[in-house]
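Novice: Please find data-v8.txt (compact mmCIF, C-alpha atoms) on the next line:
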# COMPACT_ATOMS: atom_id res chain seq x y z
CA MET A 1 -53.92 2.38 -137.00
CA GLY A 2 -52.58 4.00 -140.20
CA ILE A 3 -54.56 4.59 -143.34
CA SER A 4 -54.49 1.73 -145.85
CA LEU A 5 -53.17 1.95 -149.40
CA VAL A 6 -56.67 1.73 -150.85
CA GLU A 7 -58.03 4.33 -148.41
CA LYS A 8 -55.17 6.71 -149.28
CA PHE A 9 -55.79 6.17 -153.00
CA GLU A 10 -59.52 6.81 -152.65
CA GLN A 11 -58.95 9.85 -150.45
CA ASP A 12 -56.28 11.69 -152.47
CA GLY A 13 -56.50 10.15 -155.94
CA PHE A 14 -52.94 8.81 -155.67
CA ALA A 15 -50.88 6.73 -153.27
CA VAL A 16 -47.17 5.99 -152.82
CA VAL A 17 -45.78 2.50 -152.24
CA GLU A 18 -42.16 2.80 -151.13
CA ASP A 19 -39.57 0.11 -151.96
CA PHE A 20 -41.83 -1.44 -154.60
CA LEU A 21 -38.70 -2.59 -156.46
CA LEU A 22 -35.46 -4.01 -155.07
CA PRO A 23 -32.19 -2.23 -155.93
CA GLU A 24 -31.19 -4.92 -158.43
CA GLU A 25 -34.61 -4.70 -160.10
CA ILE A 26 -34.31 -0.93 -160.43
CA GLU A 27 -30.92 -1.40 -162.08
CA GLU A 28 -32.26 -4.03 -164.48
CA LEU A 29 -35.08 -1.77 -165.68
CA TYR A 30 -32.78 1.25 -165.83
CA GLU A 31 -30.30 -0.57 -168.04
CA ALA A 32 -33.13 -1.74 -170.29
CA GLY A 33 -34.25 1.88 -170.62
CA LYS A 34 -30.76 3.00 -171.59
CA ASP A 35 -30.52 0.20 -174.16
CA LEU A 36 -33.67 1.54 -175.84
CA CYS A 37 -31.84 4.82 -176.57
CA TYR A 38 -29.55 3.03 -179.00
CA GLU A 39 -32.31 1.08 -180.76
CA VAL A 40 -33.96 4.10 -182.39
CA PRO A 41 -34.11 3.69 -186.18
CA GLU A 42 -32.15 6.49 -187.84
CA GLU A 43 -35.16 7.71 -189.82
CA ILE A 44 -37.33 8.20 -186.71
CA LYS A 45 -37.49 11.84 -185.63
CA CYS A 46 -40.85 12.00 -183.87
CA ILE A 47 -41.25 14.46 -180.98
CA PHE A 48 -43.52 14.00 -177.98
CA ASP A 49 -44.62 17.30 -176.45
CA THR A 50 -47.69 17.80 -174.25
CA VAL A 51 -47.35 21.58 -174.15
CA ASN A 52 -46.62 22.76 -177.72
CA HIS A 53 -49.00 20.79 -179.89
CA GLU A 54 -47.63 22.16 -183.15
CA ASN A 55 -44.63 19.92 -182.38
CA ALA A 56 -46.63 17.06 -181.07
CA GLN A 57 -48.30 13.78 -181.78
CA ASN A 58 -51.82 14.82 -182.81
CA LYS A 59 -50.87 14.88 -186.50
CA ASP A 60 -48.57 11.88 -186.45
CA THR A 61 -49.52 8.33 -187.45
CA TYR A 62 -46.29 7.13 -185.83
CA PHE A 63 -47.79 7.98 -182.44
CA LEU A 64 -51.20 6.60 -183.34
CA ASP A 65 -49.68 3.29 -184.47
CA SER A 66 -47.63 2.78 -181.30
CA GLY A 67 -50.29 0.98 -179.25
CA ASP A 68 -48.98 -2.50 -180.03
CA LYS A 69 -45.39 -1.57 -180.93
CA VAL A 70 -42.24 -0.06 -179.46
CA HIS A 71 -41.94 3.48 -180.81
CA TYR A 72 -39.47 6.21 -179.87
CA PHE A 73 -40.26 9.85 -179.11
CA TYR A 74 -37.72 12.65 -178.77
CA GLU A 75 -37.68 15.73 -176.58
CA SER A 76 -38.55 18.83 -178.61
CA ASN A 77 -35.24 20.52 -177.76
CA ALA A 78 -33.13 17.44 -178.53
CA LEU A 79 -33.49 17.89 -182.30
CA SER A 80 -32.56 20.72 -184.64
CA PRO A 81 -35.17 22.03 -187.12
CA LYS A 82 -33.57 19.68 -189.66
CA GLY A 83 -34.01 16.70 -187.35
CA GLU A 84 -30.36 16.44 -186.32
CA LEU A 85 -29.56 15.29 -182.81
CA LEU A 86 -28.35 18.15 -180.61
CA VAL A 87 -27.50 15.97 -177.60
CA ASP A 88 -26.05 12.54 -176.91
CA PRO A 89 -28.58 9.79 -177.81
CA ILE A 90 -28.67 8.70 -174.16
CA PHE A 91 -30.20 12.11 -173.28
CA ALA A 92 -32.39 12.69 -176.34
CA LEU A 93 -35.57 10.69 -175.78
CA ASN A 94 -38.72 11.85 -174.02
CA LYS A 95 -40.22 8.37 -173.86
CA VAL A 96 -40.57 4.99 -175.52
CA GLY A 97 -44.00 3.35 -175.81
CA HIS A 98 -46.57 2.01 -175.83
CA ALA A 99 -46.24 -1.78 -175.88
CA LEU A 100 -43.08 -2.46 -173.87
CA HIS A 101 -45.17 -4.75 -171.66
CA THR A 102 -45.78 -7.14 -174.57
CA GLU A 103 -42.82 -6.56 -176.88
CA ARG A 104 -39.89 -6.58 -174.41
CA ASP A 105 -39.41 -9.44 -171.95
CA ILE A 106 -37.85 -7.34 -169.20
CA PHE A 107 -40.80 -4.94 -169.07
CA ARG A 108 -43.30 -7.78 -169.36
CA LYS A 109 -41.77 -9.40 -166.28
CA TYR A 110 -42.35 -6.39 -164.06
CA THR A 111 -45.71 -5.37 -165.51
CA PHE A 112 -47.23 -8.80 -164.92
CA SER A 113 -45.53 -9.41 -161.56
CA TYR A 114 -47.32 -10.79 -158.54
CA ARG A 115 -46.87 -7.41 -156.82
CA VAL A 116 -48.84 -5.63 -159.54
CA LYS A 117 -51.52 -8.31 -159.45
CA ASP A 118 -51.77 -8.03 -155.65
CA ILE A 119 -52.34 -4.27 -155.78
CA CYS A 120 -54.95 -4.63 -158.52
CA TYR A 121 -56.69 -7.25 -156.38
CA GLN A 122 -56.68 -4.85 -153.42
CA LEU A 123 -58.18 -2.15 -155.66
CA GLY A 124 -61.02 -4.48 -156.59
CA PHE A 125 -60.16 -5.35 -160.20
CA LYS A 126 -61.91 -8.47 -161.48
CA LYS A 127 -60.50 -8.81 -164.99
CA PRO A 128 -57.74 -6.18 -165.38
CA ALA A 129 -55.90 -5.62 -168.65
CA ILE A 130 -52.86 -3.54 -169.67
CA PRO A 131 -53.60 -1.15 -172.56
CA GLN A 132 -50.25 0.69 -172.62
CA SER A 133 -46.81 1.09 -171.11
CA MET A 134 -43.92 3.51 -171.51
CA TYR A 135 -40.40 4.23 -170.39
CA ILE A 136 -40.11 7.93 -169.46
CA TYR A 137 -36.69 9.62 -169.41
CA LYS A 138 -37.03 13.22 -168.15
CA ASN A 139 -33.36 13.70 -168.94
CA PRO A 140 -31.09 16.28 -167.24
CA ASN A 141 -31.71 19.84 -168.47
CA VAL A 142 -33.77 18.74 -171.51
CA GLY A 143 -36.61 16.76 -169.91
CA GLY A 144 -39.78 18.64 -170.82
CA GLU A 145 -42.74 19.80 -168.78
CA VAL A 146 -45.80 17.56 -168.71
CA LYS A 147 -48.90 19.71 -168.64
CA ALA A 148 -51.65 19.24 -166.07
CA HIS A 149 -53.95 16.42 -167.16
CA GLN A 150 -56.07 13.45 -166.14
CA ASP A 151 -55.24 10.00 -167.44
CA GLY A 152 -58.96 9.42 -168.04
CA THR A 153 -58.74 12.04 -170.80
CA TYR A 154 -56.75 9.49 -172.82
CA LEU A 155 -57.91 6.15 -171.36
CA TYR A 156 -61.66 6.55 -170.98
CA THR A 157 -63.81 3.67 -169.76
CA GLU A 158 -67.39 3.46 -168.55
CA PRO A 159 -67.47 3.16 -165.64
CA ALA A 160 -64.12 4.89 -165.01
CA SER A 161 -61.48 2.32 -164.15
CA ALA A 162 -57.95 3.17 -165.33
CA VAL A 163 -55.15 3.23 -162.76
CA GLY A 164 -51.62 4.37 -163.56
CA PHE A 165 -48.61 2.53 -162.14
CA TRP A 166 -45.67 4.97 -162.15
CA ILE A 167 -42.39 3.46 -160.93
CA ALA A 168 -39.47 5.77 -160.14
CA LEU A 169 -36.11 4.47 -161.39
CA ASP A 170 -34.30 7.58 -160.10
CA ASP A 171 -34.99 9.65 -157.04
CA ALA A 172 -37.74 12.04 -158.16
CA THR A 173 -37.30 15.50 -156.66
CA PRO A 174 -38.80 18.98 -157.13
CA GLN A 175 -35.59 19.90 -158.97
CA ASN A 176 -35.71 17.12 -161.57
CA GLY A 177 -39.47 17.16 -162.16
CA CYS A 178 -41.22 14.91 -159.66
CA LEU A 179 -44.95 14.37 -160.07
CA GLN A 180 -47.34 16.98 -158.70
CA PHE A 181 -50.99 16.32 -157.84
CA ILE A 182 -54.14 18.23 -156.93
CA LYS A 183 -55.26 16.14 -153.98
CA GLY A 184 -58.87 15.03 -154.18
CA SER A 185 -59.35 16.25 -157.76
CA HIS A 186 -60.38 12.74 -158.85
CA LYS A 187 -63.87 13.27 -157.45
CA ASN A 188 -65.12 15.62 -160.17
CA GLY A 189 -65.16 13.46 -163.31
CA VAL A 190 -63.15 13.72 -166.53
CA HIS A 191 -62.86 17.34 -167.68
CA THR A 192 -62.13 16.72 -171.36
CA ARG A 193 -61.21 13.84 -173.65
CA TYR A 194 -58.50 13.32 -176.27
CA VAL A 195 -60.08 11.26 -179.02
CA LEU A 196 -59.79 10.04 -182.58
CA ASN A 197 -60.94 12.83 -184.85
CA PRO A 198 -64.28 11.90 -186.47
CA ASP A 199 -63.41 14.22 -189.38
CA LYS A 200 -61.39 11.86 -191.59
CA ASN A 201 -60.44 14.73 -193.93
CA SER A 202 -58.67 16.69 -191.20
CA LYS A 203 -54.90 16.68 -190.72
CA GLU A 204 -55.58 16.48 -186.99
CA LEU A 205 -55.74 12.77 -186.23
CA LEU A 206 -56.51 13.36 -182.57
CA ILE A 207 -58.43 16.20 -180.96
CA TYR A 208 -59.59 17.39 -177.56
CA GLU A 209 -63.38 17.36 -177.31
CA LYS A 210 -63.25 20.69 -175.45
CA PRO A 211 -60.47 22.99 -174.23
CA THR A 212 -58.42 21.63 -171.37
CA PRO A 213 -59.01 23.55 -168.13
CA ILE A 214 -56.38 25.81 -166.61
CA TYR A 215 -55.35 24.63 -163.16
CA PRO A 216 -53.63 27.11 -160.81
CA LEU A 217 -50.12 25.92 -159.97
CA SER A 218 -50.77 26.78 -156.33
CA ASN A 219 -53.26 23.88 -156.18
CA PHE A 220 -50.58 21.26 -156.82
CA THR A 221 -48.66 19.29 -154.21
CA SER A 222 -45.22 17.97 -155.16
CA VAL A 223 -44.70 14.27 -154.42
CA PRO A 224 -40.96 13.52 -154.30
CA VAL A 225 -40.14 9.81 -154.01
CA LYS A 226 -37.08 7.61 -153.75
CA LYS A 227 -36.13 5.35 -156.63
CA GLY A 228 -37.94 2.04 -156.51
CA SER A 229 -41.14 3.71 -155.27
CA LEU A 230 -44.48 3.18 -157.00
CA ILE A 231 -47.07 5.93 -157.35
CA LEU A 232 -50.61 4.75 -158.06
CA ILE A 233 -52.55 7.33 -160.10
CA HIS A 234 -56.34 7.52 -160.29
CA ASN A 235 -57.61 8.14 -163.82
CA GLN A 236 -59.34 11.38 -162.80
CA VAL A 237 -56.74 12.96 -160.50
CA VAL A 238 -55.12 16.07 -162.03
CA HIS A 239 -51.33 15.82 -162.14
CA ARG A 240 -48.34 17.35 -163.91
CA SER A 241 -44.57 17.68 -163.75
CA ASP A 242 -42.10 20.50 -164.34
CA ASN A 243 -39.15 20.56 -166.70
CA ASN A 244 -36.05 18.85 -165.43
CA ARG A 245 -33.82 21.83 -164.70
CA SER A 246 -31.25 19.80 -162.78
CA ASN A 247 -28.24 17.70 -163.72
CA ASP A 248 -29.96 14.56 -162.44
CA SER A 249 -32.07 12.22 -164.57
CA ARG A 250 -35.60 11.21 -163.57
CA HIS A 251 -36.25 7.91 -165.32
CA ALA A 252 -39.52 6.08 -164.70
CA TYR A 253 -41.41 3.08 -166.02
CA ALA A 254 -45.18 3.54 -166.24
CA PHE A 255 -48.17 1.52 -167.39
CA HIS A 256 -51.93 1.57 -166.98
CA VAL A 257 -54.46 -1.00 -165.88
CA ILE A 258 -58.12 -0.96 -166.94
CA GLU A 259 -61.08 -3.11 -165.92
CA THR A 260 -62.62 -5.24 -168.68
CA GLN A 261 -65.38 -6.98 -166.72
CA ASN A 262 -68.69 -5.09 -167.02
CA CYS A 263 -66.69 -2.11 -168.27
CA VAL A 264 -66.62 -0.54 -171.75
CA TYR A 265 -63.42 0.82 -173.27
CA ALA A 266 -64.28 3.84 -175.44
CA LYS A 267 -64.02 3.20 -179.17
CA ASN A 268 -62.68 6.71 -179.80
CA ASN A 269 -59.77 6.49 -177.36
CA TRP A 270 -56.51 7.08 -179.22
CA ASN A 271 -55.15 3.61 -178.39
CA GLN A 272 -57.35 0.85 -179.76
CA PRO A 273 -56.64 -2.89 -179.52
CA LYS A 274 -55.78 -4.33 -182.90
CA PRO A 275 -57.99 -7.04 -184.46
CA GLY A 276 -57.19 -10.39 -182.87
CA LYS A 277 -54.84 -8.70 -180.40
CA PRO A 278 -56.81 -7.66 -177.30
CA PHE A 279 -55.15 -5.87 -174.42
CA PRO A 280 -53.42 -8.59 -172.35
CA LEU A 281 -55.06 -9.60 -169.08
CA LEU A 282 -53.29 -9.59 -165.72
CA TYR A 283 -55.73 -12.14 -164.29
CA SER A 284 -59.40 -13.03 -164.37
CA ILE A 285 -61.72 -13.65 -161.41
CA GLU A 286 -64.85 -15.29 -162.73
Now, as a test, write the supplied structure out as structure tokens.

Specialist:
Amino acid sequence: MGISLVEKFEQDGFAVVEDFLLPEEIEELYEAGKDLCYEVPEEIKCIFDTVNHENAQNKDTYFLDSGDKVHYFYESNALSPKGELLVDPIFALNKVGHALHTERDIFRKYTFSYRVKDICYQLGFKKPAIPQSMYIYKNPNVGGEVKAHQDGTYLYTEPASAVGFWIALDDATPQNGCLQFIKGSHKNGVHTRYVLNPDKNSKELLIYEKPTPIYPLSNFTSVPVKKGSLILIHNQVVHRSDNNRSNDSRHAYAFHVIETQNCVYAKNNWNQPKPGKPFPLLYSIE
């Protein structure tokens, strides 16, 4: 008898579900992602960069205000120093987030699908909610590296509960920047946290509570998957991805689920629910 999805998830800190989406569903989400590239307001020139923080979101209210909106974030090498586009708009974005699941019908449909609910039920969620979602581009030759991290650094709950749903809309390969994991690294807690800066006079809106650890690249296992596959990601498993150095795109749709029953969402997480607008529930088992 083979190992179950839940057993695999608990053993490694991640698990792959092949053929999670049908071909026509992949195409529908992919086209919606491409449409987003042409919706970017002309004045928006915000960069998302997890490696070079002088370029990044920790000083930017545009990022901080994206929790209940659809905001657009460019690759660092897609813009000139003057903010001019250096590539075609279809290849310029790093990601769009973080409320596609509430603000765009097509993404809402897949985020709140019976398949997502079934997996959450298998994982033992009682009252799961969706705090954030994003469309990730990882475009050919410009798609940036994502540094090694734990999702619990950004979505901290007590007890720990967040699970990432990462859905490949292209084949993800070692050449175009597939996800890489340190198997079993979810068993050692959250190593640092990325939080709202308590110093209101600082230009740094968000800070790490302590330096992020350095993880040897030799510890990572590449996890290539076919398009339509789902990768479940434990909030404490360490994972990363390389630059896309190929001519192939690596689009993905991702969102996170957190428990809200007998579970506290940290008040200094970067993404806070707005007054009167709680994170939407998937279901509730009383």

Novice: Rounded to one decimal, what separation in Å do you get between atom CA of Lys95 of chain A and atom CA of Val223 of chain A?

Specialist: 20.8 Å

Novice: Quick check, in Å to one decimal: how far apart do atom CA of Leu196 of chain A and atom CA of Glu43 of chain A lie?

Specialist: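 Computing it gives 25.8 Å between the two atoms.
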
Novice: Using all atoms listed in the file, which of A:Leu29, A:Ile90, A:Leu5, A:Leu21 sits nearest Ile106 of chain A?

Specialist: A:Leu29

Novice: I'd like to know which of A:Lys45, A:His101, A:Lys203, A:Arg193 is closest to Pro131 of chain A, using all atoms listed in the file.

Specialist: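 Ranking A:Lys45, A:His101, A:Lys203, A:Arg193 by distance to Pro131 of chain A, first place goes to A:His101.
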
Novice: Please report the interatomic distance between atom CA of Pro216 of chain A and atom CA of Gln175 of chain A in Å with one decimal.

Specialist: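 Atom CA of Pro216 of chain A sits 19.5 Å away from atom CA of Gln175 of chain A.
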
Novice: Leaving out segment 78-84 of chain A and any residue of its chain fewer than 5 positions from it, which residues lie within 8 Å of it when counting all atoms listed in the file, given as an NGL selection string?

Specialist: :A and (45 or 92-93 or 142)

Novice: May I ask which of the residues A:Asn243, A:Lys187, A:Gly152, A:Ser229 is the closest one to Tyr265 of chain A, counting all atoms listed in the file?

Specialist: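 With all atoms listed in the file as the atom set, the closest residue is A:Gly152.
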
Novice: Of the candidates A:Tyr137, A:Trp270, A:Phe125, A:Tyr114, which shows the shortest atom-to-atom distance to Phe20 of chain A, using only C-alpha atoms?

Specialist: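 Of all the options, A:Tyr114 lies closest to Phe20 of chain A.
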
Novice: Excluding Val70 of chain A and any residue of its chain fewer than 2 positions from it, enumerate the residues within 10 Å of it, using only C-alpha atoms, and give them as a PyMOL selection string.

Specialist: chain A and resi 36+40+65-68+72+96-104+133-134
